[in-house]
>>> print(open('upload.txt').read())   # compact mmCIF, C-alpha atoms and all ligand atoms
# COMPACT_ATOMS: atom_id res chain seq x y z
CA MET A 253 79.03 92.69 109.68
CA ARG A 254 77.76 89.64 111.53
CA ARG A 255 80.12 88.59 114.26
CA VAL A 256 80.09 84.95 115.38
CA ASP A 257 82.18 83.17 117.96
CA ARG A 258 84.31 80.09 117.27
CA ALA A 259 81.27 77.84 117.72
CA GLY A 260 79.38 79.81 115.05
CA THR A 261 76.97 81.47 117.51
CA GLU A 262 76.22 85.12 116.94
CA VAL A 263 77.79 87.30 119.63
CA PRO A 264 74.99 89.32 121.22
CA GLY A 265 75.10 93.09 121.23
CA VAL A 266 77.66 93.50 118.49
CA ARG A 267 75.35 93.46 115.52
CA SER A 268 73.32 96.24 117.01
CA GLY A 269 76.31 98.34 117.94
CA GLY A 270 78.79 98.84 120.77
CA ARG A 271 77.70 98.90 124.36
CA GLY A 272 75.38 101.76 123.53
CA GLU A 273 76.09 103.68 126.73
CA GLU A 274 76.04 107.43 127.18
CA GLY A 275 79.32 108.92 125.99
CA ASP A 276 79.91 106.20 123.41
CA VAL A 277 80.43 107.37 119.85
CA LYS A 278 78.43 105.27 117.44
CA THR A 279 79.65 104.70 113.89
CA ARG A 280 79.45 101.71 111.58
CA VAL A 281 82.99 100.79 112.63
CA THR A 282 82.25 100.88 116.36
CA ASP A 283 79.22 98.71 115.54
CA MET A 284 81.33 96.21 113.61
CA LEU A 285 83.98 95.99 116.29
CA GLY A 286 81.74 96.30 119.34
CA VAL A 287 83.73 99.12 120.96
CA GLU A 288 82.84 102.39 122.68
CA PHE A 289 85.15 104.77 120.85
CA PRO A 290 86.15 104.91 117.17
CA ILE A 291 89.89 104.96 117.98
CA LEU A 292 91.98 102.11 116.59
CA ALA A 293 95.53 101.89 117.90
CA PHE A 294 98.23 100.28 115.82
CA SER A 295 101.18 99.22 117.97
CA HIS A 296 103.89 96.57 118.05
CA CYS A 297 103.64 96.68 121.83
CA ARG A 298 101.10 94.36 123.47
CA ASP A 299 100.81 96.64 126.53
CA VAL A 300 99.58 99.51 124.34
CA VAL A 301 97.12 97.23 122.53
CA ALA A 302 95.65 95.96 125.80
CA ALA A 303 95.56 99.44 127.40
CA VAL A 304 93.68 100.98 124.45
CA THR A 305 91.17 98.15 124.33
CA ARG A 306 90.62 98.44 128.09
CA ALA A 307 90.06 102.20 127.69
CA GLY A 308 87.20 101.64 125.21
CA GLY A 309 89.17 101.91 121.94
CA PHE A 310 90.44 99.03 119.83
CA GLY A 311 94.06 97.82 119.95
CA VAL A 312 95.71 96.24 116.90
CA LEU A 313 98.96 94.34 117.39
CA GLY A 314 101.55 94.81 114.62
CA ALA A 315 102.83 91.25 114.20
CA VAL A 316 105.18 91.46 111.21
CA ALA A 317 108.31 90.98 113.31
CA HIS A 318 106.82 88.32 115.62
CA THR A 319 107.64 84.63 115.50
CA PRO A 320 104.52 82.44 115.65
CA GLU A 321 105.50 81.42 119.21
CA GLN A 322 105.86 85.05 120.37
CA LEU A 323 102.57 85.95 118.72
CA ASP A 324 100.79 83.14 120.56
CA VAL A 325 102.23 84.33 123.90
CA ASP A 326 101.30 87.98 123.21
CA LEU A 327 97.75 87.23 122.08
CA LYS A 328 97.13 85.07 125.17
CA TRP A 329 98.48 87.89 127.31
CA ILE A 330 96.24 90.50 125.60
CA GLU A 331 93.21 88.26 126.10
CA GLU A 332 94.00 87.86 129.79
CA GLN A 333 94.63 91.57 130.28
CA THR A 334 91.50 92.70 128.47
CA ARG A 335 89.31 89.91 129.88
CA GLY A 336 87.90 89.06 126.50
CA GLY A 337 88.09 92.62 125.09
CA ARG A 338 88.15 93.26 121.36
CA TYR A 339 91.49 93.48 119.53
CA GLY A 340 93.07 92.85 116.13
CA VAL A 341 96.27 91.74 114.44
CA ASP A 342 98.12 93.53 111.61
CA LEU A 343 100.52 92.06 109.05
CA LEU A 344 102.47 93.53 106.16
CA LEU A 345 101.42 91.71 103.00
CA PRO A 346 103.23 93.58 100.22
CA ALA A 347 102.20 92.97 96.64
CA LYS A 348 105.79 93.53 95.50
CA TYR A 349 108.98 92.37 97.23
CA ALA A 350 112.23 90.61 96.33
CA GLY A 351 111.54 86.86 96.02
CA ALA A 352 107.77 87.26 95.58
CA GLU A 353 107.76 84.80 92.62
CA GLU A 354 109.22 82.06 94.82
CA GLY A 355 106.74 82.81 97.63
CA GLY A 356 109.52 84.36 99.72
CA LEU A 357 113.22 83.92 100.43
CA ASP A 358 114.83 82.00 103.26
CA PRO A 359 117.45 83.82 105.38
CA GLU A 360 120.41 82.16 103.57
CA ALA A 361 119.09 83.27 100.18
CA VAL A 362 118.59 86.80 101.53
CA ALA A 363 122.20 86.90 102.76
CA GLN A 364 123.43 85.87 99.29
CA LEU A 365 121.53 88.74 97.68
CA LEU A 366 123.08 91.58 99.68
CA PRO A 367 125.46 93.45 97.33
CA VAL A 368 128.99 94.24 98.54
CA ALA A 369 128.55 98.00 97.91
CA GLN A 370 125.62 98.28 100.33
CA GLN A 371 127.29 96.02 102.91
CA GLN A 372 130.42 98.17 102.83
CA PHE A 373 128.37 101.36 103.09
CA VAL A 374 126.69 100.13 106.28
CA GLN A 375 130.05 99.10 107.79
CA GLU A 376 131.49 102.49 106.85
CA ILE A 377 128.65 104.33 108.66
CA LEU A 378 129.17 102.21 111.78
CA ARG A 379 132.94 102.86 111.67
CA ARG A 380 132.62 106.64 111.18
CA TYR A 381 130.09 106.94 114.01
CA ASP A 382 132.17 104.69 116.23
CA VAL A 383 129.40 102.17 116.91
CA PRO A 384 130.79 99.21 118.87
CA GLU A 385 130.43 95.58 117.76
CA LEU A 386 127.82 93.36 119.40
CA PRO A 387 129.12 91.10 122.15
CA ALA A 388 129.94 87.62 120.76
CA ASP A 389 126.87 85.98 122.34
CA LEU A 390 124.54 88.34 120.46
CA ARG A 391 126.24 87.92 117.08
CA ASP A 392 123.99 85.12 115.80
CA GLY A 393 122.55 86.96 112.80
CA SER A 394 119.01 86.34 114.06
CA GLU A 395 117.99 89.95 113.22
CA ARG A 396 118.25 88.98 109.54
CA ASN A 397 114.80 87.42 109.91
CA ALA A 398 113.30 90.87 110.38
CA LEU A 399 110.57 91.32 107.79
CA ALA A 400 111.04 87.74 106.51
CA ASN A 401 107.36 87.49 107.47
CA VAL A 402 106.28 89.68 104.56
CA SER A 403 106.31 86.59 102.32
CA ALA A 404 103.52 84.03 102.03
CA LYS A 405 105.85 81.46 103.64
CA GLY A 406 106.47 83.83 106.53
CA TYR A 407 102.99 85.13 107.28
CA GLY A 408 101.07 81.83 106.90
CA PRO A 409 102.09 80.49 110.34
CA LEU A 410 101.36 83.90 111.91
CA LEU A 411 97.84 83.86 110.50
CA ASP A 412 97.33 80.32 111.84
CA VAL A 413 98.18 81.59 115.32
CA ALA A 414 96.03 84.72 114.94
CA PHE A 415 92.97 82.71 113.82
CA ALA A 416 93.44 80.26 116.69
CA HIS A 417 92.77 83.24 118.99
CA ASP A 418 89.65 85.32 119.43
CA ILE A 419 90.65 88.17 117.12
CA THR A 420 87.99 90.62 115.96
CA LEU A 421 89.96 92.18 113.09
CA VAL A 422 92.84 91.33 110.79
CA ALA A 423 94.56 94.18 108.94
CA SER A 424 97.08 94.25 106.15
CA ALA A 425 99.30 96.94 104.68
CA LEU A 426 101.26 97.39 101.43
CA GLY A 427 98.88 95.34 99.28
CA ALA A 428 95.35 93.91 99.05
CA PRO A 429 94.85 90.92 101.36
CA PRO A 430 94.89 87.63 99.41
CA PRO A 431 91.45 86.02 98.70
CA ALA A 432 92.26 83.04 100.97
CA LEU A 433 92.83 85.39 103.91
CA ILE A 434 89.59 87.28 103.28
CA GLY A 435 87.63 84.03 102.97
CA ARG A 436 89.15 82.62 106.14
CA ALA A 437 88.46 85.80 108.08
CA HIS A 438 84.86 86.03 106.94
CA ASP A 439 84.20 82.36 107.74
CA ALA A 440 85.41 83.11 111.28
CA GLY A 441 83.39 86.36 111.56
CA VAL A 442 86.59 88.42 111.62
CA VAL A 443 86.57 91.94 110.12
CA VAL A 444 89.20 92.57 107.40
CA ALA A 445 90.86 95.99 107.18
CA ALA A 446 93.51 97.17 104.74
CA LEU A 447 95.61 100.32 104.50
CA ALA A 448 95.41 102.47 101.37
CA GLY A 449 97.51 105.48 100.37
CA THR A 450 95.65 106.21 97.13
CA VAL A 451 92.12 105.84 95.73
CA THR A 452 93.42 103.07 93.45
CA HIS A 453 94.65 101.04 96.45
CA ALA A 454 91.32 101.59 98.18
CA GLU A 455 89.32 100.46 95.15
CA ARG A 456 91.51 97.37 94.85
CA HIS A 457 90.86 96.53 98.51
CA GLN A 458 87.14 97.03 98.07
CA ALA A 459 87.08 94.76 95.01
CA ALA A 460 88.96 92.11 97.03
CA GLY A 461 86.21 92.15 99.67
CA VAL A 462 87.84 94.18 102.45
CA ASP A 463 85.32 95.33 105.11
CA VAL A 464 87.03 98.53 106.33
CA ILE A 465 89.50 100.71 104.44
CA VAL A 466 92.14 102.66 106.32
CA ALA A 467 92.93 105.76 104.25
CA GLN A 468 96.43 106.65 105.36
CA GLY A 469 97.89 110.03 104.44
CA THR A 470 101.53 110.84 103.86
CA GLU A 471 101.84 112.43 107.33
CA ALA A 472 101.71 108.96 108.87
CA GLY A 473 104.59 107.15 110.49
CA GLY A 474 105.73 103.95 108.79
CA HIS A 475 105.21 103.03 105.12
CA THR A 476 103.32 105.84 103.53
CA GLY A 477 102.37 107.39 100.20
CA GLU A 478 102.44 110.98 99.01
CA ILE A 479 98.88 112.26 99.46
CA SER A 480 97.89 114.11 102.62
CA THR A 481 95.16 112.82 104.92
CA MET A 482 93.05 115.96 104.32
CA VAL A 483 92.93 115.22 100.59
CA LEU A 484 92.93 111.42 100.65
CA VAL A 485 90.17 110.66 103.16
CA PRO A 486 87.22 112.34 101.37
CA GLU A 487 88.45 110.97 98.02
CA VAL A 488 88.53 107.43 99.40
CA VAL A 489 85.21 107.82 101.25
CA ASP A 490 83.51 108.84 97.98
CA ALA A 491 85.27 106.20 95.88
CA VAL A 492 84.47 103.17 98.05
CA ALA A 493 81.06 104.13 99.51
CA PRO A 494 79.31 102.37 101.21
CA THR A 495 82.43 100.60 102.57
CA PRO A 496 83.38 102.35 105.82
CA VAL A 497 86.68 104.24 105.98
CA LEU A 498 89.03 104.98 108.88
CA ALA A 499 91.34 107.99 108.64
CA ALA A 500 95.04 107.54 109.44
CA GLY A 501 98.05 109.81 109.37
CA GLY A 502 98.46 112.92 111.46
CA ILE A 503 95.83 112.09 114.08
CA ALA A 504 96.87 112.38 117.72
CA ASN A 505 94.23 114.55 119.41
CA GLY A 506 90.49 115.10 119.54
CA ARG A 507 90.47 118.02 117.13
CA GLN A 508 92.14 115.81 114.54
CA ILE A 509 89.55 113.08 115.18
CA ALA A 510 86.77 115.63 114.66
CA ALA A 511 88.42 116.70 111.38
CA ALA A 512 88.65 113.08 110.25
CA MET A 513 84.97 112.48 111.03
CA ALA A 514 84.08 115.69 109.17
CA LEU A 515 85.88 114.28 106.13
CA GLY A 516 83.58 111.26 106.20
CA ALA A 517 85.68 108.79 108.18
CA GLU A 518 83.91 106.49 110.66
CA GLY A 519 86.84 106.42 113.04
CA VAL A 520 90.59 106.87 113.22
CA TRP A 521 93.61 104.58 113.07
CA CYS A 522 96.62 106.00 114.94
CA GLY A 523 100.21 104.77 115.26
CA SER A 524 102.65 107.52 116.24
CA VAL A 525 100.77 108.82 119.28
CA TRP A 526 101.33 105.56 121.20
CA LEU A 527 105.11 105.68 120.79
CA THR A 528 105.52 108.18 123.62
CA THR A 529 103.05 106.53 125.99
CA GLU A 530 104.13 105.07 129.30
CA GLU A 531 103.54 101.54 128.01
CA ALA A 532 105.46 101.89 124.72
CA GLU A 533 108.70 99.95 124.38
CA THR A 534 110.24 102.73 122.28
CA HIS A 535 114.01 102.99 122.89
CA PRO A 536 114.43 105.60 125.68
CA VAL A 537 116.79 107.71 123.57
CA VAL A 538 114.40 107.69 120.64
CA LYS A 539 111.45 108.44 122.95
CA GLN A 540 113.36 111.49 124.20
CA LYS A 541 114.10 112.57 120.61
CA PHE A 542 110.38 112.24 119.80
CA LEU A 543 109.43 114.43 122.75
CA THR A 544 111.61 117.29 121.51
CA ALA A 545 111.13 116.84 117.74
CA THR A 546 109.07 119.25 115.64
CA SER A 547 106.70 118.32 112.82
CA ARG A 548 109.52 119.16 110.37
CA ASP A 549 111.79 116.47 111.76
CA THR A 550 110.52 113.44 109.84
CA VAL A 551 111.49 112.16 106.43
CA ARG A 552 110.20 109.49 104.02
CA SER A 553 113.16 107.19 103.64
CA ARG A 554 113.83 103.70 102.25
CA SER A 555 116.76 103.25 104.61
CA LEU A 556 115.13 100.86 107.10
CA THR A 557 112.91 98.60 104.97
CA GLY A 558 113.54 99.33 101.27
CA LYS A 559 110.09 100.94 100.78
CA PRO A 560 109.43 104.62 101.56
CA ALA A 561 108.55 104.89 105.25
CA ARG A 562 108.21 108.01 107.37
CA MET A 563 110.63 108.12 110.27
CA LEU A 564 112.52 110.55 112.45
CA ARG A 565 115.28 112.30 110.54
CA SER A 566 118.68 111.42 112.05
CA ALA A 567 122.30 110.97 110.96
CA TRP A 568 121.18 107.51 109.70
CA THR A 569 118.62 108.91 107.22
CA ASP A 570 120.99 111.74 106.24
CA GLU A 571 123.72 109.21 105.36
CA TRP A 572 121.33 107.28 103.08
CA GLU A 573 120.24 110.54 101.38
CA ASP A 574 123.85 111.55 100.82
CA GLY A 575 125.39 111.49 97.32
CA ALA A 576 127.81 108.77 98.49
CA SER A 577 124.94 106.39 99.32
CA PRO A 578 124.66 103.35 97.01
CA GLY A 579 120.85 103.49 97.51
CA ALA A 580 118.58 101.20 99.49
CA LEU A 581 117.79 97.63 98.44
CA PRO A 582 114.25 96.35 97.79
CA MET A 583 112.13 94.93 100.64
CA PRO A 584 112.97 92.64 102.45
CA LEU A 585 116.68 92.86 101.56
CA GLN A 586 117.19 96.34 103.07
CA SER A 587 115.80 95.19 106.44
CA ALA A 588 118.15 92.21 106.40
CA LEU A 589 121.05 94.47 105.35
CA VAL A 590 120.58 96.93 108.22
CA ALA A 591 119.22 94.66 110.96
CA GLU A 592 122.49 94.01 112.75
CA ALA A 593 123.59 97.64 112.36
CA GLN A 594 120.31 98.79 113.92
CA HIS A 595 120.80 96.36 116.79
CA ARG A 596 124.31 97.77 117.37
CA ILE A 597 123.01 101.35 117.23
CA SER A 598 120.21 100.60 119.75
CA ARG A 599 122.64 99.00 122.20
CA ALA A 600 125.11 101.88 122.00
CA ALA A 601 122.67 104.81 121.78
CA ALA A 602 122.31 105.19 125.54
CA THR A 603 125.79 106.72 125.74
CA GLU A 604 125.43 110.51 125.82
CA GLY A 605 127.04 112.23 122.83
CA SER A 606 127.83 108.92 121.08
CA GLY A 607 127.72 108.45 117.33
CA ALA A 608 125.05 105.80 117.89
CA GLN A 609 122.88 108.42 119.60
CA LYS A 610 123.12 110.62 116.49
CA LEU A 611 122.16 107.70 114.24
CA ALA A 612 119.27 106.38 116.38
CA ASN A 613 115.81 106.84 114.89
CA TYR A 614 112.51 105.02 114.34
CA PHE A 615 109.31 105.22 112.34
CA VAL A 616 107.13 108.16 113.35
CA GLY A 617 104.74 110.56 111.63
CA GLN A 618 104.57 114.33 111.46
CA VAL A 619 102.43 114.43 114.62
CA VAL A 620 105.69 113.82 116.47
CA GLY A 621 105.72 117.63 116.77
CA GLN A 622 102.76 117.50 119.14
CA LEU A 623 104.05 114.58 121.26
CA ASP A 624 105.58 116.53 124.12
CA ARG A 625 104.82 114.46 127.24
CA ILE A 626 104.57 110.87 128.35
CA ARG A 627 101.05 109.72 129.25
CA PRO A 628 99.49 106.33 129.91
CA ALA A 629 97.81 105.03 126.73
CA ARG A 630 94.45 105.03 128.55
CA GLN A 631 94.86 108.75 129.24
CA VAL A 632 95.62 109.40 125.57
CA VAL A 633 92.35 107.71 124.58
CA LEU A 634 90.35 109.63 127.18
CA ASP A 635 92.01 112.97 126.32
CA MET A 636 91.26 112.40 122.64
CA MET A 637 87.62 111.56 123.27
CA THR A 638 87.11 114.47 125.68
CA GLU A 639 88.49 116.93 123.16
CA TYR A 640 86.49 115.31 120.35
CA ALA A 641 83.28 115.72 122.39
CA GLU A 642 84.13 119.41 123.03
CA VAL A 643 84.58 120.03 119.31
CA ALA A 644 81.36 118.20 118.46
CA GLN A 645 79.55 120.32 121.06
CA ARG A 646 81.12 123.52 119.63
CA PHE A 647 79.89 122.59 116.14
CA ALA A 648 76.40 121.90 117.51
CA ASP A 649 76.38 125.22 119.43
CA GLN A 650 77.55 127.16 116.38
CA LEU A 651 74.71 125.70 114.33
CA SER A 652 72.04 126.43 116.91
CA GLU A 653 73.35 129.98 117.46
CA GLU A 654 72.98 130.52 113.74
CA ALA A 655 69.45 129.11 113.83
CA ASP A 656 68.58 131.42 116.76
CA ALA A 657 69.97 134.52 115.01
C1 LIG A 701 106.45 102.71 114.48
C2 LIG A 701 105.44 102.44 113.41
C3 LIG A 701 105.42 101.20 112.78
C4 LIG A 701 104.43 100.91 111.84
N1 LIG A 701 104.38 99.64 111.29
C5 LIG A 701 103.29 99.28 110.59
C6 LIG A 701 103.06 97.91 110.23
O1 LIG A 701 103.87 97.03 110.52
N2 LIG A 701 101.91 97.61 109.59
C7 LIG A 701 100.97 98.57 109.28
O2 LIG A 701 99.92 98.24 108.76
N3 LIG A 701 101.18 99.86 109.57
C8 LIG A 701 102.29 100.24 110.24
N4 LIG A 701 102.46 101.55 110.60
C9 LIG A 701 101.47 102.56 110.18
C10 LIG A 701 100.30 102.60 111.18
O3 LIG A 701 99.50 101.44 111.05
C11 LIG A 701 99.39 103.81 110.97
O4 LIG A 701 98.75 103.74 109.72
C12 LIG A 701 100.10 105.15 111.06
O5 LIG A 701 100.95 105.18 112.17
C13 LIG A 701 99.06 106.28 111.17
O6 LIG A 701 99.63 107.55 111.13
P1 LIG A 701 100.25 108.30 112.44
O7 LIG A 701 101.59 107.68 112.60
O8 LIG A 701 100.29 109.71 112.04
O9 LIG A 701 99.34 108.00 113.60
C14 LIG A 701 103.47 101.88 111.49
C15 LIG A 701 103.54 103.15 112.09
C16 LIG A 701 104.49 103.45 113.04
C17 LIG A 701 104.51 104.82 113.68
>>> encode(input="upload.txt", output="structure tokens")
Amino acid sequence: MRRVDRAGTEVPGVRSGGRGEEGDVKTRVTDMLGVEFPILAFSHCRDVVAAVTRAGGFGVLGAVAHTPEQLDVDLKWIEEQTRGGRYGVDLLLPAKYAGAEEGGLDPEAVAQLLPVAQQQFVQEILRRYDVPELPADLRDGSERNALANVSAKGYGPLLDVAFAHDITLVASALGAPPPALIGRAHDAGVVVAALAGTVTHAERHQAAGVDVIVAQGTEAGGHTGEISTMVLVPEVVDAVAPTPVLAAGGIANGRQIAAAMALGAEGVWCGSVWLTTEEAETHPVVKQKFLTATSRDTVRSRSLTGKPARMLRSAWTDEWEDGASPGALPMPLQSALVAEAQHRISRAAATEGSGAQKLANYFVGQVVGQLDRIRPARQVVLDMMTEYAEVAQRFADQLSEEADA
């Protein structure tokens, strides 16, 4: 991958690999991105993105819920904080969603499409768990816009902002990136990544011209398929060779990075591990739940977005699994349906023993079971790389001992 700056000049050093210093891990992905370590961090929180980039990894800002104005502010901030460090932007570009034929729905149209049964069910949950109303000044319905950006109408302005900044990578989930996006990225020397939960998704991305495929196993937090990382990664690596693959889902320490590299990945893409970092803006009650949760405490549920997404199991997910549930609506209607309820739950969850505290949850993967302390994001990166180096050394020692025997 040739990387050029906005003026079309090739950026020195990147074509030939990262900084090439001792301790760096060199793969085709670190070469493409010009980073020291093959750790990509997905986060909605700009502080995490900047901290990971500063630590030698590569931060990717999840921008699906941003307005274009917020995105511009956050990208400027990341650029200042990292002093020109490498980072990326991620958007959800689903192939299938309600209103796809029209290029997306405006908030009024979304409100019209919310069936009475589902609206009543949400109100009933809030009533039974005694979740207070929002104060009048917060009742403006603005949360309804959540996930409106999954449509072409919604993400276009976000991409304009992203490409006006010095991004190194643009990533998309839930569908292959459209040809116009791939063309625009390549013209600007920006690497295109896309998430895949099956070999078929990965092949589709490769045919579309994606540069890096993120093979994401079912263990992952957020929207996820049914195949485990252990099975998916080598399948995808073989199917799309020579396109480089990152492993995602269930990776939060150096041993898991070593496993991913053994499966043929050229780096890892992690989401859950950042949610309990010092910098993360995770709701304090949810952060506490994450710190005590076990790897059995997540569930794939449609209850927040309408598509199956892995999240912490809570009274909220249990209610939607219950026989009395009318079932979730398709994306993006479910997000619009539950947005105000989620806002109410977040505001009330701080009260010890409250119903809102029982309902509170968030997207997280099965590695939540190993997230048992709060660390700075930089420390997470360094801990991961130290452990990875120990494993790599152990493998090397085992081989040489065998040769000596
Ligand atoms: C809180 C949260 C939100 C996520 N939202 C998105 C998203 O908007 N776009 C996306 O491409 N992936 C999203 N993901 C998935 C991550 O990009 C990543 O693939 C996943 O977290 C990797 O598995 P892990 O959670 O086991 O680290 C999200 C994950 C989490 C935990």
>>> closest_atom_pairs(input="upload.txt", of="chain A", to="ligand LIG 701 (chain A)", cutoff="9 Å", atoms="all atoms listed in the file", output="tab-separated table")
residue	atom	partner	partner_atom	distance
A:Ala293	CA	A:LIG701	O3	7.9
A:Phe294	CA	A:LIG701	O3	5.1
A:Ser295	CA	A:LIG701	C3	7.0
A:His296	CA	A:LIG701	C3	7.2
A:Val312	CA	A:LIG701	O3	8.7
A:Leu313	CA	A:LIG701	O1	8.9
A:Gly314	CA	A:LIG701	O1	5.2
A:Ala315	CA	A:LIG701	O1	6.9
A:Val316	CA	A:LIG701	O1	5.8
A:Ala317	CA	A:LIG701	O1	8.0
A:Asp342	CA	A:LIG701	O2	5.8
A:Leu343	CA	A:LIG701	N2	5.7
A:Leu344	CA	A:LIG701	N2	5.4
A:Leu345	CA	A:LIG701	O2	8.8
A:Ala423	CA	A:LIG701	O2	6.7
A:Ser424	CA	A:LIG701	O2	5.5
A:Ala425	CA	A:LIG701	O2	4.3
A:Leu426	CA	A:LIG701	O2	7.5
A:Ala446	CA	A:LIG701	O2	7.6
A:Leu447	CA	A:LIG701	O2	6.4
A:Val466	CA	A:LIG701	O4	7.5
A:Ala467	CA	A:LIG701	O4	8.2
A:Gln468	CA	A:LIG701	O4	5.7
A:Gly469	CA	A:LIG701	O6	7.3
A:Thr470	CA	A:LIG701	O6	8.2
A:Glu471	CA	A:LIG701	O8	5.7
A:Ala472	CA	A:LIG701	O6	3.4
A:Gly473	CA	A:LIG701	O7	3.7
A:Gly474	CA	A:LIG701	C15	4.0
A:His475	CA	A:LIG701	N4	6.3
A:Thr476	CA	A:LIG701	C9	7.6
A:Ala499	CA	A:LIG701	C13	8.3
A:Ala500	CA	A:LIG701	C13	4.6
A:Gly501	CA	A:LIG701	O6	3.3
A:Gly502	CA	A:LIG701	O8	3.7
A:Ile503	CA	A:LIG701	O9	5.4
A:Ala504	CA	A:LIG701	O9	6.5
A:Val520	CA	A:LIG701	C13	8.7
A:Trp521	CA	A:LIG701	C13	6.0
A:Cys522	CA	A:LIG701	O9	3.6
A:Gly523	CA	A:LIG701	O5	3.2
A:Ser524	CA	A:LIG701	O7	3.8
A:Val525	CA	A:LIG701	O9	5.9
A:Trp526	CA	A:LIG701	C17	8.2
A:Leu527	CA	A:LIG701	C1	7.1
A:Thr534	CA	A:LIG701	C1	8.7
A:Ala561	CA	A:LIG701	C14	8.6
A:Arg562	CA	A:LIG701	C17	8.0
A:Met563	CA	A:LIG701	C17	7.7
A:Tyr614	CA	A:LIG701	C1	6.5
A:Phe615	CA	A:LIG701	C1	4.4
A:Val616	CA	A:LIG701	C17	4.3
A:Gly617	CA	A:LIG701	O7	4.4
A:Gln618	CA	A:LIG701	O8	6.3
A:Val619	CA	A:LIG701	O8	5.8
A:Val620	CA	A:LIG701	O8	8.1
>>> closest_residue(input="upload.txt", among="A:Val483, A:Ile291, A:Ile465, A:Ala593", to="A:Tyr640", atoms="all atoms listed in the file")
A:Ile291
>>> closest_residue(input="upload.txt", among="A:Ile377, A:Ala460, A:Val497, A:Leu285", to="A:Thr420", atoms="only C-alpha atoms")
A:Leu285
>>> atom_distance(input="upload.txt", atom1="atom CA of A:Arg436", atom2="atom CA of A:Val422")
10.5 Å
>>> closest_residue(input="upload.txt", among="A:Met513, A:Leu365, A:Ala414, A:Leu543", to="A:Pro582", atoms="only C-alpha atoms")
A:Leu365
>>> closest_residue(input="upload.txt", among="A:Asn613, A:Thr481, A:Ser553, A:Ser577", to="A:Val537", atoms="all atoms listed in the file")
A:Asn613
>>> atom_distance(input="upload.txt", atom1="atom CA of A:Arg306", atom2="atom CA of A:Arg335")
8.8 Å
>>> closest_residue(input="upload.txt", among="A:Thr528, A:Gln645, A:Thr279, A:Gln375", to="A:Ala545", atoms="only C-alpha atoms")
A:Thr528
>>> closest_residue(input="upload.txt", among="A:Gly477, A:Gly461, A:Pro320, A:Pro409", to="A:Ile434", atoms="all atoms listed in the file")
A:Gly461
>>> atom_distance(input="upload.txt", atom1="atom CA of A:Leu327", atom2="atom CA of A:Val300")
12.6 Å
>>> residues_around(input="upload.txt", residues="A:Glu639", least_positions_apart="5", cutoff="8 Å", atoms="all atoms listed in the file", output="list in words")
Asn505, Gly506 and Arg507 of chain A
